[in-house]
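Coordinates from structure32.txt are shown below (compact mmCIF, C-alpha atoms).
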```txt
# COMPACT_ATOMS: atom_id res chain seq x y z
CA MET A 1 -89.39 -56.25 67.01
CA ALA A 2 -87.59 -52.99 66.53
CA GLY A 3 -88.12 -50.60 69.38
CA SER A 4 -88.95 -53.27 72.00
CA SER A 5 -87.77 -52.70 75.49
CA PRO A 6 -84.41 -54.36 76.09
CA ASN A 7 -85.49 -55.09 79.68
CA HIS A 8 -88.15 -57.58 78.69
CA ASP A 9 -88.65 -60.36 81.26
CA ILE A 10 -88.08 -63.87 79.91
CA PHE A 11 -91.02 -65.08 81.99
CA ASP A 12 -93.43 -62.68 80.37
CA VAL A 13 -96.74 -64.58 80.15
CA ARG A 14 -97.33 -63.47 76.58
CA LYS A 15 -93.95 -64.81 75.55
CA ILE A 16 -94.62 -68.13 77.26
CA ARG A 17 -98.00 -68.31 75.56
CA ARG A 18 -96.38 -67.64 72.18
CA LEU A 19 -93.81 -70.36 72.81
CA VAL A 20 -96.57 -72.81 73.70
CA GLU A 21 -98.40 -71.90 70.49
CA LEU A 22 -95.24 -72.50 68.48
CA MET A 23 -94.73 -75.88 70.15
CA LYS A 24 -98.26 -76.91 69.22
CA GLU A 25 -97.92 -75.52 65.69
CA HIS A 26 -94.71 -77.44 65.04
CA ASP A 27 -95.60 -80.51 67.10
CA LEU A 28 -92.61 -80.01 69.38
CA ASN A 29 -92.53 -81.91 72.62
CA GLU A 30 -89.90 -79.83 74.31
CA ILE A 31 -87.99 -76.61 73.87
CA ASP A 32 -84.96 -75.47 75.77
CA LEU A 33 -83.86 -71.85 75.37
CA ARG A 34 -80.64 -70.69 76.97
CA GLN A 35 -78.92 -67.38 77.08
CA GLU A 36 -76.02 -66.72 79.38
CA ASN A 37 -77.27 -67.71 82.86
CA THR A 38 -80.90 -67.83 81.88
CA ARG A 39 -82.77 -70.89 80.76
CA ILE A 40 -86.37 -71.60 79.89
CA GLN A 41 -87.48 -75.14 79.22
CA LEU A 42 -91.00 -76.14 78.22
CA ARG A 43 -92.15 -79.69 77.86
CA ARG A 44 -95.44 -81.20 76.79
CA GLY A 45 -96.83 -84.59 75.89
CA ASP A 46 -97.91 -87.28 78.34
CA SER A 47 -96.81 -85.28 81.34
CA PRO A 48 -98.21 -81.87 82.26
CA MET A 49 -96.34 -78.93 80.80
CA LEU A 50 -93.51 -77.71 82.95
CA VAL A 51 -91.85 -74.37 83.13
CA GLN A 52 -88.46 -74.77 84.72
CA SER A 53 -87.05 -71.74 86.40
CA ALA A 54 -83.77 -70.14 85.54
CA PRO A 55 -81.13 -69.38 88.14
CA GLN A 56 -81.72 -65.73 87.67
CA SER A 57 -83.88 -63.55 85.60
CA VAL A 58 -82.06 -61.42 83.10
CA ALA A 59 -83.08 -59.20 80.29
CA LEU A 60 -83.67 -60.69 76.88
CA PRO A 61 -83.39 -58.74 73.68
CA ALA A 62 -86.37 -58.36 71.43
CA ALA A 63 -88.59 -61.34 70.71
CA PRO A 64 -88.00 -62.28 67.04
CA ALA A 65 -85.41 -64.95 67.85
CA VAL A 66 -88.15 -67.19 69.18
CA ALA A 67 -89.52 -68.47 65.85
CA PRO A 68 -86.37 -70.09 64.47
CA LEU A 69 -85.60 -71.58 67.86
CA ALA A 70 -88.94 -73.34 67.81
CA LEU A 71 -87.81 -75.33 64.79
CA SER A 72 -84.54 -76.38 66.41
CA PRO A 73 -84.04 -79.82 67.96
CA PRO A 74 -85.76 -79.87 71.33
CA VAL A 75 -82.87 -80.91 73.54
CA ASP A 76 -79.20 -81.71 73.27
CA ASP A 77 -79.53 -85.08 74.92
CA PRO A 78 -77.33 -88.15 74.26
CA HIS A 79 -80.41 -90.38 74.53
CA THR A 80 -82.27 -88.43 71.87
CA VAL A 81 -81.41 -89.39 68.30
CA SER A 82 -82.49 -87.98 64.97
CA ILE A 83 -84.15 -89.82 62.10
CA THR A 84 -82.68 -88.15 59.05
CA SER A 85 -83.70 -88.09 55.40
CA PRO A 86 -81.64 -90.50 53.26
CA ILE A 87 -82.27 -88.41 50.13
CA VAL A 88 -83.24 -85.02 48.78
CA GLY A 89 -87.00 -85.14 48.32
CA THR A 90 -90.42 -84.25 49.65
CA PHE A 91 -91.54 -85.22 53.15
CA TYR A 92 -94.94 -86.86 53.63
CA SER A 93 -96.18 -87.57 57.14
CA ALA A 94 -99.01 -89.86 55.98
CA PRO A 95 -99.45 -92.58 53.33
CA ASP A 96 -102.01 -90.48 51.45
CA PRO A 97 -103.56 -87.04 51.91
CA ASP A 98 -106.66 -88.39 53.68
CA ALA A 99 -104.85 -90.75 56.05
CA PRO A 100 -103.62 -90.05 59.59
CA PRO A 101 -99.86 -89.56 60.02
CA PHE A 102 -97.63 -92.61 60.36
CA VAL A 103 -96.46 -91.36 63.77
CA LYS A 104 -97.00 -88.39 66.05
CA VAL A 105 -95.29 -86.97 69.12
CA GLY A 106 -95.64 -89.38 72.01
CA ASP A 107 -95.88 -92.52 69.85
CA HIS A 108 -93.57 -95.42 70.62
CA VAL A 109 -91.72 -96.82 67.62
CA GLY A 110 -89.59 -99.87 66.88
CA PRO A 111 -86.68 -100.05 64.43
CA GLU A 112 -88.98 -101.22 61.62
CA THR A 113 -91.82 -98.78 62.22
CA THR A 114 -92.47 -96.62 59.15
CA VAL A 115 -92.33 -93.01 60.28
CA CYS A 116 -92.82 -91.13 57.00
CA ILE A 117 -92.42 -91.16 53.23
CA VAL A 118 -89.75 -89.22 51.38
CA GLU A 119 -90.62 -88.92 47.70
CA ALA A 120 -88.22 -88.09 44.92
CA MET A 121 -89.13 -88.27 41.25
CA LYS A 122 -92.33 -90.23 41.93
CA VAL A 123 -90.50 -92.85 43.96
CA PHE A 124 -92.12 -93.03 47.38
CA ASN A 125 -89.61 -94.30 49.94
CA GLU A 126 -91.13 -95.44 53.21
CA ILE A 127 -88.64 -94.55 55.93
CA PRO A 128 -88.18 -96.89 58.90
CA SER A 129 -87.34 -95.49 62.34
CA GLU A 130 -84.27 -97.77 62.68
CA VAL A 131 -84.31 -97.07 66.43
CA ALA A 132 -86.68 -97.95 69.25
CA GLY A 133 -88.05 -95.23 71.47
CA LYS A 134 -90.59 -92.46 71.74
CA ILE A 135 -91.13 -89.75 69.13
CA VAL A 136 -90.46 -86.45 70.91
CA ALA A 137 -90.43 -84.08 67.95
CA VAL A 138 -91.56 -83.95 64.35
CA LEU A 139 -89.18 -81.55 62.64
CA ALA A 140 -90.36 -81.69 59.01
CA ARG A 141 -93.58 -80.42 57.53
CA ASN A 142 -95.93 -82.45 55.36
CA GLY A 143 -95.43 -81.71 51.66
CA GLU A 144 -92.26 -79.67 52.17
CA PRO A 145 -88.79 -80.41 50.79
CA VAL A 146 -86.14 -82.17 52.87
CA GLU A 147 -82.42 -82.31 52.24
CA PHE A 148 -80.07 -85.29 52.44
CA GLY A 149 -79.25 -85.85 56.12
CA GLN A 150 -81.86 -83.40 57.39
CA PRO A 151 -83.35 -84.43 60.76
CA MET A 152 -87.06 -85.24 60.38
CA PHE A 153 -87.85 -86.67 63.82
CA LYS A 154 -86.32 -86.82 67.29
CA VAL A 155 -86.62 -90.11 69.16
CA ASP A 156 -85.98 -90.54 72.89
CA THR A 157 -84.38 -93.98 73.05
CA ARG A 158 -84.84 -94.31 76.82
CA GLN A 159 -88.60 -94.76 76.45
CA MET B 160 -115.37 -103.72 22.84
CA PRO B 161 -111.80 -102.96 23.94
CA ASP B 162 -109.37 -105.85 23.88
CA SER B 163 -108.55 -106.34 27.53
CA THR B 164 -107.64 -110.01 27.23
CA ILE B 165 -104.40 -110.73 29.03
CA ASP B 166 -102.64 -113.98 28.24
CA LEU B 167 -100.81 -114.72 31.49
CA GLN B 168 -99.27 -117.95 30.18
CA ARG B 169 -97.58 -116.08 27.34
CA ILE B 170 -96.29 -113.45 29.73
CA LEU B 171 -94.85 -116.09 32.05
CA ALA B 172 -93.24 -117.89 29.09
CA GLU B 173 -91.72 -114.85 27.37
CA THR B 174 -90.71 -112.46 30.16
CA PHE B 175 -88.89 -112.35 33.48
CA VAL B 176 -92.19 -112.38 35.39
CA ALA B 177 -92.30 -115.34 37.77
CA ARG B 178 -95.90 -115.03 38.97
CA ALA B 179 -98.87 -113.21 37.49
CA GLU B 180 -102.44 -112.23 38.36
CA HIS B 181 -105.17 -110.67 36.22
CA HIS B 182 -108.17 -109.02 37.88
CA PRO B 183 -111.29 -107.52 36.27
CA THR B 184 -111.36 -104.79 38.95
CA LEU B 185 -109.00 -103.74 41.72
CA GLY B 186 -108.72 -100.72 43.97
CA SER B 187 -105.11 -100.33 42.87
CA THR B 188 -102.67 -102.80 41.37
CA ASN B 189 -99.97 -101.34 43.63
CA ASP B 190 -102.09 -102.08 46.71
CA ARG B 191 -102.66 -105.67 45.54
CA ALA B 192 -98.91 -106.13 44.94
CA ARG B 193 -98.25 -104.79 48.43
CA GLU B 194 -100.60 -107.42 49.88
CA CYS B 195 -98.29 -110.06 48.41
CA LEU B 196 -95.18 -108.67 50.15
CA GLY B 197 -93.57 -111.29 52.29
CA ASP B 198 -95.94 -114.09 51.22
CA GLY B 199 -92.98 -116.17 50.12
CA GLY B 200 -94.12 -116.37 46.51
CA PRO B 201 -91.71 -115.88 43.61
CA THR B 202 -90.92 -112.45 42.19
CA PRO B 203 -91.18 -110.52 39.96
CA LEU B 204 -94.92 -110.62 40.56
CA LEU B 205 -97.15 -109.02 37.92
CA VAL B 206 -100.59 -107.72 38.86
CA VAL B 207 -102.82 -106.57 35.98
CA ALA B 208 -106.28 -105.03 36.30
CA ASP B 209 -108.81 -104.09 33.61
CA ARG B 210 -110.16 -101.43 35.92
CA GLN B 211 -108.80 -99.64 38.98
CA THR B 212 -111.11 -97.76 41.29
CA ARG B 213 -108.28 -96.05 43.20
CA GLY B 214 -105.34 -96.01 40.78
CA ARG B 215 -102.41 -94.24 42.43
CA GLY B 216 -101.04 -90.84 41.50
CA ARG B 217 -98.89 -88.30 43.28
CA GLY B 218 -100.61 -86.46 46.14
CA THR B 219 -104.32 -86.24 45.49
CA ASN B 220 -103.92 -87.27 41.83
CA ARG B 221 -105.50 -90.49 40.65
CA TRP B 222 -104.72 -92.58 37.60
CA TRP B 223 -107.95 -92.93 35.65
CA THR B 224 -108.21 -96.54 34.49
CA TRP B 225 -111.11 -96.65 32.15
CA PRO B 226 -111.99 -99.55 29.78
CA GLY B 227 -109.12 -100.47 27.49
CA CYS B 228 -106.37 -98.91 29.61
CA LEU B 229 -103.41 -101.13 30.47
CA ALA B 230 -102.75 -100.88 34.21
CA PHE B 231 -100.32 -103.11 36.03
CA SER B 232 -97.79 -103.32 38.86
CA LEU B 233 -94.62 -105.28 39.31
CA LEU B 234 -93.37 -106.37 42.71
CA LEU B 235 -89.56 -106.61 42.60
CA SER B 236 -87.47 -108.09 45.39
CA PRO B 237 -84.84 -106.04 47.29
CA GLU B 238 -82.14 -108.28 45.76
CA THR B 239 -82.90 -107.01 42.25
CA THR B 240 -83.35 -103.30 43.02
CA PRO B 241 -81.13 -100.57 44.47
CA SER B 242 -80.73 -100.50 48.24
CA ASP B 243 -79.45 -96.91 48.03
CA PRO B 244 -82.54 -94.66 47.91
CA ARG B 245 -80.59 -92.13 45.82
CA ARG B 246 -80.49 -94.61 42.94
CA ARG B 247 -84.14 -95.66 43.10
CA PRO B 248 -85.42 -92.90 40.77
CA LEU B 249 -83.54 -94.78 38.05
CA VAL B 250 -85.95 -97.70 38.50
CA ALA B 251 -88.88 -95.40 37.73
CA LEU B 252 -86.94 -93.92 34.82
CA ALA B 253 -86.24 -97.44 33.53
CA ALA B 254 -89.98 -98.14 33.59
CA GLY B 255 -90.70 -94.95 31.60
CA LEU B 256 -88.03 -95.83 29.05
CA ALA B 257 -89.44 -99.36 28.69
CA VAL B 258 -92.84 -97.93 27.80
CA VAL B 259 -91.27 -95.54 25.27
CA ASP B 260 -89.38 -98.42 23.63
CA ALA B 261 -92.48 -100.62 23.49
CA ILE B 262 -94.77 -97.93 22.08
CA ARG B 263 -92.45 -96.27 19.55
CA PRO B 264 -92.70 -99.01 16.87
CA LEU B 265 -96.52 -98.73 17.03
CA VAL B 266 -96.64 -94.98 16.47
CA ASP B 267 -95.31 -93.72 13.13
CA ARG B 268 -93.39 -90.45 13.11
CA GLN B 269 -94.86 -89.28 16.42
CA PRO B 270 -92.55 -87.74 19.02
CA VAL B 271 -92.68 -90.33 21.83
CA GLY B 272 -90.49 -89.40 24.77
CA LEU B 273 -90.24 -88.48 28.43
CA HIS B 274 -91.44 -85.64 30.55
CA TRP B 275 -89.49 -85.41 33.80
CA PRO B 276 -89.47 -87.27 36.07
CA ASN B 277 -90.72 -90.34 34.16
CA ASP B 278 -94.01 -89.67 32.35
CA VAL B 279 -94.33 -90.92 28.80
CA PHE B 280 -95.65 -88.28 26.42
CA VAL B 281 -96.53 -88.18 22.75
CA GLY B 282 -96.00 -84.57 21.83
CA ASP B 283 -97.64 -82.55 24.58
CA ARG B 284 -100.00 -85.24 25.77
CA LYS B 285 -99.50 -87.89 28.41
CA LEU B 286 -99.66 -91.50 27.27
CA ALA B 287 -98.36 -93.31 30.36
CA GLY B 288 -97.44 -92.72 33.98
CA VAL B 289 -95.17 -94.47 36.45
CA LEU B 290 -95.30 -94.47 40.25
CA VAL B 291 -92.95 -96.50 42.43
CA GLU B 292 -93.50 -97.34 46.08
CA VAL B 293 -90.67 -98.70 48.20
CA PRO B 294 -91.84 -100.24 51.48
CA SER B 295 -89.32 -99.99 54.28
CA GLU B 296 -88.00 -103.54 53.75
CA GLY B 297 -86.71 -102.52 50.30
CA SER B 298 -88.95 -104.24 47.76
CA HIS B 299 -90.05 -102.05 44.85
CA ILE B 300 -93.65 -101.83 43.68
CA VAL B 301 -93.58 -100.36 40.19
CA GLY B 302 -97.00 -99.17 39.03
CA ILE B 303 -97.48 -98.37 35.33
CA GLY B 304 -100.56 -97.10 33.54
CA VAL B 305 -100.62 -96.88 29.73
CA ASN B 306 -103.45 -95.47 27.64
CA THR B 307 -103.70 -98.21 25.05
CA ASN B 308 -107.12 -99.31 23.77
CA ASN B 309 -109.10 -96.72 25.67
CA SER B 310 -110.37 -93.61 23.92
CA LEU B 311 -110.35 -90.01 25.04
CA ALA B 312 -114.00 -89.91 24.05
CA ASP B 313 -114.67 -91.88 27.26
CA ALA B 314 -112.22 -89.93 29.42
CA PRO B 315 -113.14 -87.42 32.11
CA GLU B 316 -113.34 -83.96 30.59
CA GLU B 317 -110.56 -82.55 32.79
CA ILE B 318 -107.92 -84.82 31.23
CA ARG B 319 -109.11 -84.86 27.59
CA ASP B 320 -106.82 -82.03 26.50
CA ARG B 321 -103.80 -83.36 28.43
CA ALA B 322 -103.86 -87.09 27.63
CA ILE B 323 -103.60 -89.27 24.55
CA THR B 324 -104.23 -92.95 23.89
CA LEU B 325 -102.67 -95.42 21.50
CA TYR B 326 -106.13 -96.11 20.04
CA ASP B 327 -106.69 -92.42 19.31
CA LEU B 328 -103.20 -92.11 17.79
CA THR B 329 -103.46 -95.12 15.48
CA GLY B 330 -107.19 -95.57 14.93
CA ARG B 331 -107.05 -99.25 15.84
CA ARG B 332 -107.00 -101.51 18.85
CA HIS B 333 -103.82 -103.28 19.87
CA ASN B 334 -103.06 -106.61 21.50
CA GLN B 335 -102.70 -105.78 25.20
CA THR B 336 -100.65 -108.87 25.96
CA GLY B 337 -98.25 -108.06 23.11
CA ILE B 338 -97.69 -104.52 24.41
CA LEU B 339 -97.25 -105.77 27.97
CA VAL B 340 -94.71 -108.40 26.88
CA GLU B 341 -92.67 -105.75 25.04
CA ILE B 342 -92.75 -103.37 28.02
CA LEU B 343 -91.63 -106.15 30.36
CA LYS B 344 -88.76 -107.22 28.08
CA HIS B 345 -87.51 -103.64 27.77
CA PHE B 346 -87.94 -103.09 31.50
CA GLN B 347 -85.85 -106.15 32.35
CA ARG B 348 -83.02 -104.83 30.16
CA ALA B 349 -83.34 -101.34 31.64
CA LEU B 350 -83.21 -102.76 35.18
CA ASP B 351 -79.95 -104.49 34.24
CA GLN B 352 -78.67 -101.08 33.18
CA VAL B 353 -79.68 -99.58 36.54
CA ARG B 354 -77.34 -102.08 38.18
CA GLU B 355 -74.55 -102.23 35.62
CA CYS B 356 -74.34 -98.86 33.85
CA PRO B 357 -76.74 -96.36 35.40
CA ASP B 358 -75.11 -93.39 33.67
CA ALA B 359 -76.02 -94.87 30.27
CA LEU B 360 -79.63 -95.16 31.37
CA GLY B 361 -79.63 -91.53 32.50
CA ALA B 362 -78.04 -90.46 29.21
CA ARG B 363 -80.72 -92.28 27.22
CA ALA B 364 -83.46 -90.63 29.30
CA ASN B 365 -81.84 -87.28 28.57
CA GLU B 366 -81.88 -88.02 24.81
CA LEU B 367 -85.59 -88.82 24.99
CA CYS B 368 -86.54 -85.82 27.15
CA LEU B 369 -89.13 -83.82 25.21
CA GLN B 370 -88.82 -80.76 27.46
CA ILE B 371 -85.26 -79.68 26.62
CA GLY B 372 -85.15 -75.98 25.78
CA ARG B 373 -88.57 -75.26 27.25
CA THR B 374 -89.16 -72.90 30.14
CA LEU B 375 -90.43 -74.91 33.10
CA ALA B 376 -91.70 -73.89 36.52
CA ILE B 377 -91.13 -76.33 39.37
CA ARG B 378 -92.68 -76.21 42.82
CA ASN B 379 -91.74 -78.20 45.91
CA GLY B 380 -93.82 -77.25 48.93
CA ALA B 381 -93.36 -73.54 49.47
CA GLU B 382 -90.29 -73.42 47.20
CA SER B 383 -90.48 -72.72 43.49
CA ALA B 384 -88.14 -72.01 40.60
CA THR B 385 -88.36 -71.29 36.90
CA GLY B 386 -85.77 -72.00 34.26
CA ARG B 387 -84.95 -73.37 30.85
CA CYS B 388 -84.87 -77.16 30.78
CA ALA B 389 -81.36 -78.49 30.17
CA GLY B 390 -82.44 -82.13 30.27
CA ILE B 391 -82.25 -85.03 32.71
CA ALA B 392 -79.10 -85.60 34.78
CA PRO B 393 -77.45 -89.06 34.97
CA ASN B 394 -79.03 -89.54 38.42
CA GLY B 395 -82.51 -88.78 37.05
CA ALA B 396 -82.73 -85.22 38.39
CA LEU B 397 -84.18 -82.36 36.35
CA LEU B 398 -81.67 -79.79 35.13
CA LEU B 399 -82.87 -76.22 34.85
CA ASP B 400 -80.90 -73.17 33.77
CA THR B 401 -82.21 -70.52 36.15
CA PRO B 402 -81.19 -66.89 36.66
CA ASP B 403 -78.94 -68.26 39.47
CA GLY B 404 -77.24 -70.74 37.16
CA ARG B 405 -77.82 -74.41 36.43
CA ARG B 406 -79.70 -76.19 39.20
CA GLU B 407 -80.56 -79.83 39.79
CA PHE B 408 -84.02 -80.76 41.11
CA HIS B 409 -84.73 -84.11 42.74
CA GLY B 410 -88.25 -83.40 43.91
CA GLY B 411 -91.22 -81.22 43.16
CA THR B 412 -93.91 -80.98 40.54
CA LEU B 413 -93.89 -79.07 37.27
CA GLY B 414 -96.52 -76.39 36.87
```

Would you put the structure from the file into structure tokens?
Amino acid sequence: MAGSSPNHDIFDVRKIRRLVELMKEHDLNEIDLRQENTRIQLRRGDSPMLVQSAPQSVALPAAPAVAPLALSPPVDDPHTVSITSPIVGTFYSAPDPDAPPFVKVGDHVGPETTVCIVEAMKVFNEIPSEVAGKIVAVLARNGEPVEFGQPMFKVDTRQ
Amino acid sequence: MPDSTIDLQRILAETFVARAEHHPTLGSTNDRARECLGDGGPTPLLVVADRQTRGRGRGTNRWWTWPGCLAFSLLLSPETTPSDPRRRPLVALAAGLAVVDAIRPLVDRQPVGLHWPNDVFVGDRKLAGVLVEVPSEGSHIVGIGVNTNNSLADAPEEIRDRAITLYDLTGRRHNQTGILVEILKHFQRALDQVRECPDALGARANELCLQIGRTLAIRNGAESATGRCAGIAPNGALLLDTPDGRREFHGGTLG
């Protein structure tokens, strides 16, 4: 936001609340924001939400950078793998508009679990997870386009 | 009364279908074909229904199967269909082309062709639709609905000005089994093309595209574009000449 104070505290309650709202809106299980020596990590799901403290509090610039970050992969973790789209198409989270989603954050999946449909030219491809683990993020939106190789889910393979 | 008699023995004798079912009423022929996945029975499996109560369409769309309509699904094994999802739209295109080839001889001097991605149109009205589902193990369920012996007089009002039937075009009823046999024969040949010379299949679809030169608007989620239709690409994608140049669309619906 133009004109915001450059000395805004990263732990501002309103900012945390906004981040939590974004996590719920985008079904993200975890976000991890870093800037220089400052880090803020929020996690939700089966365990209570945690706010991990940063080594020191430093000033953050204005807030607008938050929204795109909320759509980024939750963590850079070697145990977390992406399920990517094999084609250019349209992402569907459920088998039909009235049905519940194939999977949601917190669900455990096996390699053959269908996680979504990607449709191209009226061919509805049911996409298997191909890995075992726990869904920790849903990165695509129902009814929206996906590109070839675009991550659609994050799976924690340790769980 | 519409001729809805389906001669399964003739179909089994004259086409590549290895197993066939005919039902008076089903929720959806695609759903019935899916129930047979992994049952160990031979494929291709053909499922025909005189009436569908939940015929599939894209999104919230439904295929209206009213008396006289020809509605069927084919279950094809992973061994006979593309494992690469990028080539699967050609299977749907092959189904659309098979319907065009079967219907053309029955309709004198009428422009029978394709509307992207694979709908069969006569002029500006839809005659047939195709929808393919690919379960994660790789089988293909190809659902096809053709307006044959039904009449628009019995159709829901909202589709009367957008659809057409073979009966309304020709003023007579047709042998459903005969049409189905022709579609299946053409589809088998087109599936061979998908495997052996997919570019030729795409080129043929482009020749039969009725939208070339028209201004089309396409929407995919929040994205949209408008342009002049330049035909169907060899991979089945829609080609539009937009203000930003020629673009290829693999998904989305036309407005």

* Please identify every residue of chain B that has at least one atom no more than 10 Å from any atom of chain A, counting only C-alpha atoms, and report them as a ChimeraX atom specification. => /B:215-219,243-252,275-278,288-297,299-301,378-382,395-397,408-412

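Minimum atom-to-atom distance to Pro357 in chain B, evaluated using all atoms listed in the file, belongs to B:Pro241 out of B:Ser310, B:Ala384, B:Pro241, B:Arg332.
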
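Of the residues listed (B:Arg191, B:Arg348, B:His182, B:Arg263), B:His182 shows the shortest atom-to-atom separation from Val207 in chain B; distances use all atoms listed in the file.
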
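Across B:Thr401, B:Thr324, B:Gln370, B:Gln352, the tightest approach to Pro226 in chain B is made by B:Thr324 when counting all atoms listed in the file.
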
* Out of B:Leu205, B:Val271, B:Leu413, B:Leu398, which residue has the shortest atom-to-atom distance to Thr174 in chain B when counting all atoms listed in the file? -> B:Leu205

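Taking only C-alpha atoms, the non-local environment of Gln168 in chain B within 10 Å (same-chain residues fewer than 5 positions away omitted) comprises Glu173, Arg178 and Ala179 of chain B.
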
* To do: Tell me, as a PyMOL selection string, which residues lie within 8 Å of Thr240 in chain B, counting only C-alpha atoms; anything in the same chain fewer than 2 positions away does not count.
  => chain B and resi 235-238+242+247+250+298-299+350+354

* Could you name the residues that touch Pro393 in chain B at 8 Å or less, counting all atoms listed in the file, but leaving out those on the same chain fewer than 5 positions away, as a ChimeraX atom specification? -> /B:357-362,365

Keeping only C-alpha atoms, write the selected residues as an mmCIF file, in the frame of the given file.
```
data_model
loop_
_atom_site.group_PDB
_atom_site.id
_atom_site.type_symbol
_atom_site.label_atom_id
_atom_site.label_comp_id
_atom_site.auth_asym_id
_atom_site.auth_seq_id
_atom_site.Cartn_x
_atom_site.Cartn_y
_atom_site.Cartn_z
ATOM 1 C CA PRO B 357 -76.740 -96.360 35.400
ATOM 2 C CA ASP B 358 -75.110 -93.390 33.670
ATOM 3 C CA ALA B 359 -76.020 -94.870 30.270
ATOM 4 C CA LEU B 360 -79.630 -95.160 31.370
ATOM 5 C CA GLY B 361 -79.630 -91.530 32.500
ATOM 6 C CA ALA B 362 -78.040 -90.460 29.210
ATOM 7 C CA ASN B 365 -81.840 -87.280 28.570
#
```

* Could you tell me which of A:Leu22, A:Ile83, A:Ala137, A:Met152 comes closest to Lys104 in chain A if we count all atoms listed in the file? => A:Ala137

* To do: Excluding Ile342 in chain B and residues on its chain fewer than 2 positions from it, collect all residues at most 10 Å away from it, counting only C-alpha atoms, and give them as a PyMOL selection string.
  => chain B and resi 174+254-262+336-340+344-347

Could you save the residues just selected, with C-alpha atoms, as a PDB file, keeping the file's coordinate frame?
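To be explicit, this is the file written out as result08.pdb:
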```pdb
ATOM      1  CA  THR B 174     -90.710-112.460  30.160  1.00  0.00           C
ATOM      2  CA  ALA B 254     -89.980 -98.140  33.590  1.00  0.00           C
ATOM      3  CA  GLY B 255     -90.700 -94.950  31.600  1.00  0.00           C
ATOM      4  CA  LEU B 256     -88.030 -95.830  29.050  1.00  0.00           C
ATOM      5  CA  ALA B 257     -89.440 -99.360  28.690  1.00  0.00           C
ATOM      6  CA  VAL B 258     -92.840 -97.930  27.800  1.00  0.00           C
ATOM      7  CA  VAL B 259     -91.270 -95.540  25.270  1.00  0.00           C
ATOM      8  CA  ASP B 260     -89.380 -98.420  23.630  1.00  0.00           C
ATOM      9  CA  ALA B 261     -92.480-100.620  23.490  1.00  0.00           C
ATOM     10  CA  ILE B 262     -94.770 -97.930  22.080  1.00  0.00           C
ATOM     11  CA  THR B 336    -100.650-108.870  25.960  1.00  0.00           C
ATOM     12  CA  GLY B 337     -98.250-108.060  23.110  1.00  0.00           C
ATOM     13  CA  ILE B 338     -97.690-104.520  24.410  1.00  0.00           C
ATOM     14  CA  LEU B 339     -97.250-105.770  27.970  1.00  0.00           C
ATOM     15  CA  VAL B 340     -94.710-108.400  26.880  1.00  0.00           C
ATOM     16  CA  LYS B 344     -88.760-107.220  28.080  1.00  0.00           C
ATOM     17  CA  HIS B 345     -87.510-103.640  27.770  1.00  0.00           C
ATOM     18  CA  PHE B 346     -87.940-103.090  31.500  1.00  0.00           C
ATOM     19  CA  GLN B 347     -85.850-106.150  32.350  1.00  0.00           C
TER      20      GLN B 347
END
```
